[in-house]
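Next up, work-v6.cif (mmCIF, C-alpha atoms):
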```
data_target
#
loop_
_atom_site.label_atom_id
_atom_site.label_comp_id
_atom_site.auth_asym_id
_atom_site.auth_seq_id
_atom_site.Cartn_x
_atom_site.Cartn_y
_atom_site.Cartn_z
CA MET L 1 17.05 -1.92 -25.82
CA VAL L 2 15.72 1.20 -24.14
CA SER L 3 12.16 2.46 -24.41
CA SER L 4 10.37 5.44 -22.91
CA TRP L 5 6.59 5.56 -23.22
CA PHE L 6 3.28 5.49 -21.41
CA PHE L 7 0.09 3.56 -21.80
CA GLY L 8 -2.81 5.53 -23.22
CA ARG L 9 -6.47 5.18 -22.39
CA ALA L 10 -8.19 2.01 -23.46
CA ARG L 11 -11.07 2.26 -25.90
CA PRO L 12 -14.61 1.16 -25.13
CA SER L 13 -15.63 -2.22 -26.41
CA ASP L 14 -17.98 -2.19 -29.39
CA ALA L 15 -20.00 -5.23 -28.37
CA LEU L 16 -21.01 -5.79 -24.77
CA ALA L 17 -24.10 -7.51 -23.41
CA PRO L 18 -26.97 -5.27 -22.26
CA ALA L 19 -27.28 -4.62 -18.54
CA ALA L 20 -30.36 -5.64 -16.59
CA GLU L 21 -32.23 -2.90 -14.78
CA ALA L 22 -31.95 -2.77 -10.99
CA GLY L 23 -29.84 -5.93 -11.05
CA GLN L 24 -32.81 -8.09 -12.12
CA PRO L 25 -33.07 -10.19 -15.31
CA ARG L 26 -35.79 -9.25 -17.79
CA MET L 27 -38.47 -11.81 -18.53
CA GLY L 28 -39.94 -12.29 -22.00
CA ARG L 29 -38.94 -10.46 -25.16
CA THR L 30 -38.15 -6.77 -25.23
CA PRO L 31 -36.61 -4.65 -27.98
CA LEU L 32 -33.07 -3.48 -27.16
CA ASP L 33 -31.83 0.07 -27.54
CA THR L 34 -28.11 -0.73 -27.77
CA ASP L 35 -26.99 2.87 -27.38
CA ALA L 36 -28.86 3.24 -24.07
CA GLN L 37 -28.31 -0.24 -22.65
CA THR L 38 -24.77 -1.25 -23.62
CA PRO L 39 -22.54 -0.67 -20.59
CA SER L 40 -19.25 1.13 -21.00
CA TRP L 41 -15.95 -0.69 -20.65
CA GLN L 42 -15.44 1.24 -17.41
CA ASP L 43 -18.65 -0.20 -15.97
CA MET L 44 -17.64 -3.70 -16.98
CA VAL L 45 -14.15 -3.39 -15.47
CA ARG L 46 -15.58 -1.98 -12.26
CA GLN L 47 -18.18 -4.73 -11.96
CA LEU L 48 -15.74 -7.50 -12.84
CA SER L 49 -13.06 -6.28 -10.43
CA ASP L 50 -15.60 -5.93 -7.61
CA GLU L 51 -16.95 -9.45 -8.09
CA VAL L 52 -13.51 -11.04 -8.42
CA ALA L 53 -12.01 -9.10 -5.50
CA THR L 54 -14.89 -9.99 -3.19
CA SER L 55 -14.66 -13.71 -3.92
CA LEU L 56 -10.88 -13.81 -3.69
CA GLN L 57 -10.85 -11.79 -0.47
CA THR L 58 -13.11 -14.41 1.10
CA ALA L 59 -10.85 -17.21 -0.12
CA SER L 60 -7.75 -15.44 1.18
CA GLU L 61 -9.33 -14.89 4.61
CA GLN L 62 -10.31 -18.57 4.81
CA LEU L 63 -6.76 -19.67 3.98
CA THR L 64 -5.36 -17.27 6.59
CA ARG L 65 -7.78 -18.61 9.21
CA LEU L 66 -6.86 -22.18 8.25
CA ASP L 67 -3.19 -21.25 8.61
CA GLN L 68 -3.80 -20.40 12.26
CA LEU L 69 -5.51 -23.75 12.88
CA GLU L 70 -3.45 -26.09 10.70
CA PRO L 71 -0.13 -24.42 9.70
CA GLY L 72 1.27 -27.63 8.24
CA LEU L 73 -1.68 -28.08 5.91
CA VAL L 74 -1.59 -24.52 4.66
CA ARG L 75 2.12 -24.73 3.90
CA SER L 76 1.30 -27.53 1.48
CA LEU L 77 -1.34 -25.25 -0.05
CA ALA L 78 1.10 -22.33 -0.42
CA PRO L 79 0.97 -22.31 -4.25
CA ILE L 80 -2.84 -22.07 -4.09
CA HIS L 81 -2.65 -19.27 -1.53
CA ASP L 82 -0.15 -17.35 -3.71
CA SER L 83 -2.35 -17.79 -6.79
CA VAL L 84 -5.41 -16.49 -4.94
CA GLU L 85 -3.45 -13.51 -3.66
CA ARG L 86 -2.04 -12.67 -7.11
CA ALA L 87 -5.51 -12.77 -8.63
CA ARG L 88 -6.92 -10.61 -5.83
CA GLN L 89 -4.15 -8.05 -6.24
CA ALA L 90 -4.68 -8.00 -10.02
CA SER L 91 -8.37 -7.26 -9.50
CA MET L 92 -7.57 -4.42 -7.12
CA ALA L 93 -4.99 -3.08 -9.56
CA ALA L 94 -7.58 -3.05 -12.35
CA ARG L 95 -9.91 -1.02 -10.13
CA HIS L 96 -7.10 1.42 -9.41
CA VAL L 97 -6.23 1.82 -13.10
CA LEU L 98 -9.86 2.65 -13.81
CA ARG L 99 -9.88 5.31 -11.10
CA LEU L 100 -6.68 6.92 -12.38
CA CYS L 101 -8.11 7.08 -15.91
CA GLU L 102 -11.67 8.06 -15.07
CA ASP L 103 -11.59 9.93 -11.75
CA PRO L 104 -8.02 10.83 -10.73
CA PRO L 105 -7.67 11.46 -6.99
CA PRO L 106 -6.81 15.02 -5.92
CA GLN L 107 -3.11 15.41 -5.30
CA ARG L 108 -1.58 16.98 -2.20
CA ARG L 109 1.96 17.73 -3.32
CA GLU L 110 4.71 18.16 -0.74
CA VAL L 111 8.49 18.00 -0.54
CA LEU L 112 9.64 14.46 0.27
CA ASN L 113 12.91 12.58 0.29
CA LEU L 114 12.57 9.93 -2.40
CA ALA L 115 14.99 7.70 -0.46
CA ASP L 116 12.70 7.75 2.60
CA VAL L 117 9.70 6.67 0.53
CA ALA L 118 11.68 3.88 -1.14
CA HIS L 119 12.93 2.69 2.25
CA ALA L 120 9.38 2.70 3.67
CA ALA L 121 8.09 0.67 0.73
CA LEU L 122 10.89 -1.87 1.12
CA THR L 123 10.22 -2.13 4.85
CA ALA L 124 6.53 -2.76 4.28
CA ARG L 125 7.28 -5.37 1.58
CA ALA L 126 10.04 -7.13 3.56
CA GLU L 127 7.89 -10.15 4.42
CA TRP L 128 6.59 -10.45 0.84
CA LEU L 129 10.14 -10.39 -0.51
CA ARG L 130 11.38 -12.83 2.13
CA ARG L 131 8.66 -15.38 1.32
CA ARG L 132 9.69 -15.28 -2.31
CA GLN L 133 13.40 -15.44 -1.42
CA VAL L 134 14.08 -12.21 -3.28
CA GLU L 135 17.38 -10.59 -2.30
CA VAL L 136 17.39 -6.77 -2.37
CA ARG L 137 20.46 -4.53 -2.62
CA GLN L 138 20.00 -0.85 -1.78
CA ALA L 139 21.89 2.35 -2.59
CA PHE L 140 20.10 5.48 -1.44
CA ALA L 141 21.17 9.11 -1.80
CA GLN L 142 19.06 12.02 -0.59
CA ALA L 143 16.84 13.21 -3.44
CA LEU L 144 14.05 15.71 -2.80
CA VAL L 145 10.85 15.49 -4.83
CA TYR L 146 7.65 17.56 -4.89
CA VAL L 147 4.84 15.04 -5.35
CA ASP L 148 1.77 13.53 -3.73
CA SER L 149 3.10 11.14 -1.07
CA SER L 150 0.38 8.53 -1.59
CA LEU L 151 0.90 8.32 -5.36
CA LEU L 152 4.68 8.19 -4.99
CA TYR L 153 4.51 5.40 -2.43
CA GLN L 154 2.08 3.42 -4.59
CA LEU L 155 4.36 3.81 -7.61
CA VAL L 156 7.42 2.52 -5.71
CA ASP L 157 5.39 -0.33 -4.22
CA GLU L 158 3.94 -1.38 -7.59
CA LEU L 159 7.39 -1.33 -9.16
CA LEU L 160 8.71 -3.56 -6.38
CA LEU L 161 5.84 -5.99 -6.95
CA TRP L 162 6.36 -5.97 -10.71
CA VAL L 163 10.15 -6.27 -10.71
CA GLY L 164 10.06 -8.72 -7.78
CA GLN L 165 8.23 -11.28 -9.90
CA LEU L 166 10.94 -11.32 -12.59
CA GLY L 167 13.82 -12.75 -10.56
CA ALA L 168 15.29 -13.38 -7.11
CA ASP L 169 17.96 -10.66 -7.23
CA ILE L 170 16.96 -6.99 -7.43
CA SER L 171 18.59 -3.67 -6.62
CA VAL L 172 16.92 -0.39 -5.66
CA ASN L 173 18.80 2.87 -6.18
CA VAL L 174 17.88 6.50 -5.49
CA GLU L 175 20.15 9.11 -7.03
CA HIS L 176 20.31 12.33 -9.00
CA SER L 177 20.14 11.91 -12.75
CA ARG L 178 23.12 13.40 -14.56
CA ALA L 179 20.96 14.03 -17.60
CA THR L 180 18.18 16.01 -15.90
CA GLY L 181 19.76 17.01 -12.60
CA GLY L 182 16.63 15.74 -10.88
CA PRO L 183 15.88 12.79 -8.59
CA ARG L 184 15.72 9.33 -10.10
CA LEU L 185 14.61 5.92 -8.85
CA GLN L 186 16.05 2.82 -10.50
CA ILE L 187 14.89 -0.72 -9.78
CA THR L 188 16.81 -3.51 -11.50
CA SER L 189 16.19 -7.24 -11.71
CA ALA L 190 19.12 -9.48 -12.57
CA CYS L 191 17.19 -11.75 -14.90
CA GLN L 192 16.83 -12.67 -18.54
CA PRO L 193 13.86 -10.75 -20.02
CA SER L 194 13.25 -13.49 -22.58
CA LYS L 195 12.47 -15.95 -19.78
CA ALA L 196 9.92 -13.75 -18.01
CA SER L 197 6.26 -14.67 -18.23
CA PRO L 198 4.46 -12.95 -21.14
CA ALA L 199 1.84 -11.78 -18.63
CA ALA L 200 4.51 -9.66 -16.91
CA TRP L 201 4.76 -7.35 -19.92
CA ARG L 202 1.07 -6.64 -20.43
CA GLY L 203 -0.50 -7.48 -17.07
CA VAL L 204 -2.61 -5.10 -14.99
CA ARG L 205 0.33 -4.28 -12.72
CA TRP L 206 2.34 -3.20 -15.76
CA VAL L 207 -0.44 -0.85 -16.79
CA LEU L 208 -0.91 0.45 -13.25
CA TRP L 209 2.64 1.61 -12.60
CA HIS L 210 2.68 3.41 -15.95
CA GLN L 211 -0.54 5.22 -15.06
CA LEU L 212 0.80 6.17 -11.63
CA ALA L 213 3.94 7.62 -13.23
CA ARG L 214 1.82 9.55 -15.71
CA ALA L 215 -0.34 10.99 -12.90
CA MET L 216 2.82 12.42 -11.27
CA ASP L 217 4.33 13.73 -14.55
CA ALA L 218 7.26 11.36 -14.10
CA GLN L 219 9.39 10.14 -16.99
CA THR L 220 9.93 6.39 -17.17
CA GLU L 221 12.51 4.39 -19.06
CA LEU L 222 12.65 0.63 -19.53
CA ASP L 223 16.08 -0.85 -20.23
CA LEU L 224 16.12 -4.47 -21.41
CA GLN L 225 19.45 -6.25 -21.68
CA ASP L 226 20.41 -9.91 -21.97
CA ARG L 227 20.86 -10.25 -18.21
CA HIS L 228 18.79 -7.53 -16.59
CA VAL L 229 15.60 -5.49 -16.65
CA ARG L 230 15.88 -1.93 -15.32
CA VAL L 231 13.09 0.56 -14.73
CA SER L 232 14.08 4.21 -14.25
CA VAL L 233 11.67 6.85 -12.95
CA ALA L 234 12.82 10.46 -13.22
CA LEU L 235 10.98 13.24 -11.38
CA PRO L 236 11.35 17.03 -11.74
CA PRO L 237 13.82 18.65 -9.32
CA VAL L 238 12.40 20.61 -6.38
CA THR L 239 12.35 24.37 -6.92
CA GLU L 240 13.46 26.95 -4.37
CA ALA L 241 9.87 28.17 -4.00
CA GLN L 242 8.58 24.65 -3.31
CA LEU L 243 11.33 24.07 -0.75
CA ALA L 244 10.64 27.37 1.03
CA ARG L 245 6.91 26.64 1.14
CA SER L 246 7.63 23.19 2.59
CA VAL L 247 9.75 24.67 5.39
CA ASP L 248 6.95 27.10 6.28
CA ASP L 249 4.32 24.36 6.32
CA SER L 250 6.33 21.69 8.12
CA VAL L 251 5.16 20.48 11.51
CA GLU L 252 7.74 18.79 13.72
CA PRO L 253 6.83 16.40 16.56
CA THR L 254 6.20 18.43 19.71
CA THR L 255 8.44 18.27 22.76
CA VAL L 256 5.65 16.30 24.47
CA SER L 257 6.64 13.36 22.26
CA ALA L 258 9.87 13.01 24.26
CA VAL L 259 7.96 11.10 26.95
CA ILE L 260 7.16 8.27 24.52
CA GLN L 261 10.63 7.81 23.04
CA GLY L 262 11.71 4.18 23.20
CA CYS L 263 8.15 2.86 23.39
CA GLN L 264 7.34 -0.28 21.41
CA VAL L 265 4.59 0.23 18.82
CA LEU L 266 3.00 -2.52 16.71
CA ILE L 267 1.31 -1.58 13.40
CA VAL L 268 -1.18 -4.14 12.08
CA SER L 269 -2.70 -3.88 8.59
CA SER L 270 -2.93 -6.08 5.52
CA SER L 271 -2.36 -2.94 3.41
CA ALA L 272 1.33 -2.44 2.64
CA GLN L 273 0.66 1.20 1.84
CA ARG L 274 -1.04 1.77 5.19
CA ARG L 275 1.83 0.17 7.08
CA ALA L 276 4.36 2.30 5.24
CA GLN L 277 2.35 5.48 5.87
CA CYS L 278 2.38 4.77 9.60
CA LEU L 279 6.10 4.00 9.56
CA GLN L 280 6.83 7.25 7.73
CA THR L 281 4.59 9.34 9.97
CA LEU L 282 6.12 8.01 13.21
CA ALA L 283 9.74 7.99 12.02
CA GLY L 284 10.72 11.09 14.01
CA TYR L 285 9.27 10.10 17.38
CA GLY L 286 12.06 7.84 18.62
CA LEU L 287 9.82 4.78 18.78
CA ILE L 288 10.64 1.10 18.24
CA LEU L 289 8.32 0.13 15.41
CA ASP L 290 7.10 -3.30 14.29
CA ALA L 291 4.71 -3.96 11.42
CA ALA L 292 2.53 -7.02 10.82
CA GLU L 293 0.50 -7.98 7.77
CA THR L 294 -1.85 -10.39 9.55
CA MET L 295 -3.15 -10.85 13.07
CA HIS L 296 -1.19 -14.11 13.26
CA GLN L 297 2.04 -12.20 12.59
CA ALA L 298 0.98 -9.53 15.09
CA GLN L 299 0.53 -12.13 17.82
CA GLN L 300 3.95 -13.62 17.08
CA LEU L 301 5.64 -10.21 17.23
CA ALA L 302 3.77 -9.34 20.43
CA GLN L 303 5.11 -12.51 22.06
CA GLN L 304 8.66 -11.53 21.15
CA ARG L 305 8.36 -7.85 22.12
CA LEU L 306 5.36 -6.71 24.14
CA PRO L 307 4.07 -3.52 22.50
CA ASP L 308 3.15 -0.43 24.48
CA ALA L 309 0.72 0.55 21.71
CA VAL L 310 -1.05 -1.13 18.80
CA ILE L 311 -2.16 0.74 15.66
CA TYR L 312 -4.62 -1.10 13.42
CA ASP L 313 -7.17 -0.46 10.66
CA ASN L 314 -10.38 -2.01 9.34
CA THR L 315 -8.49 -4.96 7.82
CA CYS L 316 -8.43 -6.33 11.40
CA SER L 317 -11.63 -7.75 12.84
CA ALA L 318 -13.01 -6.40 16.10
CA SER L 319 -12.88 -9.86 17.72
CA ASP L 320 -9.19 -10.27 16.84
CA ILE L 321 -8.38 -6.87 18.34
CA THR L 322 -10.31 -7.74 21.51
CA ARG L 323 -8.34 -10.99 21.90
CA LEU L 324 -5.02 -9.24 21.27
CA ARG L 325 -5.88 -6.55 23.82
CA ALA L 326 -6.69 -9.22 26.44
CA GLN L 327 -3.51 -11.19 25.70
CA LEU L 328 -1.32 -8.11 26.06
CA LEU L 329 -2.99 -7.17 29.34
CA GLU L 330 -2.49 -10.70 30.66
CA HIS L 331 1.21 -10.82 29.79
CA ALA L 332 2.16 -7.23 30.60
CA GLY L 333 -0.12 -6.64 33.57
CA THR L 334 -0.86 -3.14 32.30
CA PRO L 335 -3.07 -2.11 29.37
CA ALA L 336 -1.59 -1.16 26.01
CA ALA L 337 -2.75 1.85 24.02
CA PHE L 338 -4.88 1.01 20.97
CA ILE L 339 -5.48 3.32 18.00
CA GLU L 340 -7.85 2.52 15.15
CA ILE L 341 -7.40 4.03 11.67
CA HIS L 342 -10.79 4.48 10.00
CA ASN L 343 -12.28 5.91 6.80
CA GLN L 344 -15.45 7.46 8.20
CA ALA L 345 -16.25 10.66 6.33
CA GLY L 346 -17.21 13.73 8.32
CA SER L 347 -15.65 12.56 11.59
CA ALA L 348 -12.97 14.40 13.54
CA ASP L 349 -9.33 13.82 12.62
CA PHE L 350 -8.83 12.28 16.06
CA HIS L 351 -11.23 11.29 18.81
CA THR L 352 -11.40 8.73 21.59
CA SER L 353 -14.04 6.27 22.75
CA THR L 354 -14.45 4.29 25.97
CA SER L 355 -16.31 1.02 26.43
CA ARG L 356 -16.27 -0.82 29.76
CA ASN L 357 -13.24 1.18 30.90
CA VAL L 358 -11.39 0.26 27.70
CA SER L 359 -10.14 3.31 25.78
CA THR L 360 -9.47 3.43 22.04
CA GLY L 361 -8.14 6.28 19.93
CA HIS L 362 -9.56 6.80 16.45
CA VAL L 363 -7.65 8.57 13.66
CA ARG L 364 -9.13 9.36 10.26
CA ALA L 365 -7.07 7.79 7.46
CA SER L 366 -6.89 11.03 5.48
CA ALA L 367 -5.44 12.80 8.55
CA LEU L 368 -2.67 10.31 9.35
CA GLY L 369 0.14 12.70 8.46
CA HIS L 370 -0.69 15.29 11.11
CA SER L 371 -2.87 13.36 13.59
CA LEU L 372 -1.35 9.92 14.15
CA GLY L 373 1.71 11.17 16.06
CA PRO L 374 -0.17 13.43 18.50
CA ALA L 375 -2.88 10.77 18.93
CA LEU L 376 -0.26 8.19 19.84
CA VAL L 377 1.31 10.58 22.36
CA PHE L 378 -2.11 11.19 23.90
CA GLU L 379 -3.04 7.51 24.16
CA LEU L 380 0.36 6.37 25.42
CA CYS L 381 0.41 9.04 28.12
CA LYS L 382 -2.79 7.48 29.51
CA VAL L 383 -1.24 4.03 29.97
CA LEU L 384 2.44 4.72 30.72
#
```

What do you get writing this file as structure tokens?
Amino acid sequence: MVSSWFFGRARPSDALAPAAEAGQPRMGRTPLDTDAQTPSWQDMVRQLSDEVATSLQTASEQLTRLDQLEPGLVRSLAPIHDSVERARQASMAARHVLRLCEDPPPQRREVLNLADVAHAALTARAEWLRRRQVEVRQAFAQALVYVDSSLLYQLVDELLLWVGQLGADISVNVEHSRATGGPRLQITSACQPSKASPAAWRGVRWVLWHQLARAMDAQTELDLQDRHVRVSVALPPVTEAQLARSVDDSVEPTTVSAVIQGCQVLIVSSSAQRRAQCLQTLAGYGLILDAAETMHQAQQLAQQRLPDAVIYDNTCSASDITRLRAQLLEHAGTPAAFIEIHNQAGSADFHTSTSRNVSTGHVRASALGHSLGPALVFELCKVL
């Protein structure tokens, strides 16, 4: 059975409870103007996802902290930890669906190799797949696309998450479609569709990857057979004009970057997308790159291979970064370069700060593509 379709917009609910003004409950009896006071379904989804995500984020952080103190205990609580994480991710996905429907982000289209994006997403999700004992087979051919890099990465990542829950054997292929002559991504799970959880077919993740595909004008096809589920995403081929414009706008790493080739760089972020963005951005600099999802993983990787530089974002606490900086200095005898990725509006794409002779580089998240590489060169040259 093959189907090709998209989800449409949901309709507002006809009966929702009235909202209290300024977050305070009303005392006594007051007449209700239902047209003015009934919140929209968008408001309800936003409020619900915020409340759920906040609570689950706290629970997830507590379990992670407990894992550092009592690893044996947390291993016995692994099913609880996984359930908390699934619920947290579902809440975040609901928030993202709402944004795509109500306030789509501006797109910055560029020429990308679909195989590179798929590889980056798989690299960032390697630990997630390993924990679930999901085996991945890959077959990548070069396939150029003209899309927004963030949306494309999110689509591939969401498809991996969705297909990865169906079975323990998946394949990821990038090729040119014979039908359209354009690039195509196919992700297949060797499983029986009839045995998949009903929630897999109408869950928030299912809705989200459809909405992401729609935002990029991609064509999706779902192929259900007795022994596999296959999702195909076809994108328009790159035109000559788009390719020429990409060549004119491209910025290669400068020759200064040669001095940092071979350096060990550790990327620390709980965001899979953020880790993949950093991996993609630094791919041409000749670095040895490691990526960690938690500070505990970062410390383990740092013990195996002392990093020359650490890149982190606001998912890492300041105290954890301070401890990691001190540990690296103690073991290496020389300081490592540290770069923080932040979301502060109105700040420079890259700037540095110094506190007690400790230097930190700061790169704005929206400027990663053109600022992270030069910032890393700058910071590493100060410590090498």

Item to check | Reference answer for the PyMOL selection byres ((chain L and resi 262) around 7), as a ChimeraX atom specification | outcome: /L:260-261,263-264,286-288

Item to check | Residue nearest Ser197 (chain L) - candidates L:Gln344, L:Thr315, L:Gln219, L:Gln165, atoms counted: all atoms listed in the file | outcome: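 Residue with the minimum atom-to-atom distance to Ser197 (chain L): L:Gln165.
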
Next on the checklist: One decimal, in Å: what's the spacing between CA of Trp206 (chain L) and CA of Ala234 (chain L)?
Outcome noted: 17.4 Å

Next on the checklist: Here is a test: counting all atoms listed in the file, which residue of L:Val383, L:Ala336, L:Val117, L:Leu282 is nearest to Leu368 (chain L)?
Outcome noted: L:Leu282

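What the PyMOL selection byres ((chain L and resi 274) around 10) picks from this file is Ala124, Ser150, Ile267, Val268, Ser269, Ser270, Ser271, Ala272, Gln273, Arg275, Ala276, Gln277, Cys278, Leu279, Gln280, Tyr312, Asp313, Ile341, Ala365 and Leu368 of chain L.
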
Checklist entry - Hey, what's within 12 Å of Arg132 (chain L) if we count all atoms listed in the file and toss same-chain stuff fewer than 3 positions away? As a ChimeraX atom specification, please? => result /L:78-79,82,125-129,135-136,161,164-169

Item to check | Residues matched by the PyMOL selection byres ((chain L and resi 322) around 12), written as JSON, numbers by chain | outcome: {"L": [295, 310, 312, 316, 317, 318, 319, 320, 321, 323, 324, 325, 326, 327, 328, 329, 336, 338, 355, 358, 359, 360]}

Checklist entry - Near region 98-114 of chain L, within 6 Å and counting all atoms listed in the file, which residues show up once chain neighbours fewer than 6 positions away are dropped, as a PyMOL selection string? => result chain L and resi 143-148

Checklist entry - CA of Arg184 (chain L) and CA of Leu151 (chain L), how far apart in Å? => result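 That distance, rounded to one decimal, is 15.6 Å.
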
Item to check | Minimum-distance residue to Gln138 (chain L), chosen among L:Ile311, L:Ile80, L:Ala59, L:Ile187 (using only C-alpha atoms) | outcome: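 Of all the options, L:Ile187 lies closest to Gln138 (chain L).
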
Checklist entry - Taking only C-alpha atoms into account, which of L:Val207, L:Ile339, L:Ala213, L:Ala345 comes nearest Ser371 (chain L)? => result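 Once distances to Ser371 (chain L) are computed over only C-alpha atoms, the minimum belongs to L:Ile339.
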
Next on the checklist: I want to know what sits within 10 Å of Gly181 (chain L), based on all atoms listed in the file, with residues of the same chain fewer than 5 positions away left out; could you give that as an MDAnalysis selection string?
Outcome noted: chainID L and resid 175:176 234:237

Please return the centre and edge lengths, in Å to one decimal, of a box with edges along x, y and z that contains all listed atoms of region 274-288 of chain L, widened by 5 Å on every side, as lines of an AutoDock Vina configuration file.
```
center_x = 5.5
center_y = 5.6
center_z = 12.0
size_x = 23.1
size_y = 20.9
size_z = 23.6
```

Item to check | Among listed residues L:Ala332, L:Glu340, L:Pro193, L:Val233, nearest Ser353 (chain L) (using only C-alpha atoms) | outcome: L:Glu340

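Taking CA of Gln211 (chain L) as the reference point, CA of Val156 (chain L) is found at 12.6 Å.
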
Item to check | Protein and nucleic acid residues near (-2.4, 11.0, 16.7) (cut-off 10 Å, only C-alpha atoms) as a PyMOL selection string | outcome: chain L and resi 281-282+339+341+349-351+361-364+367-379
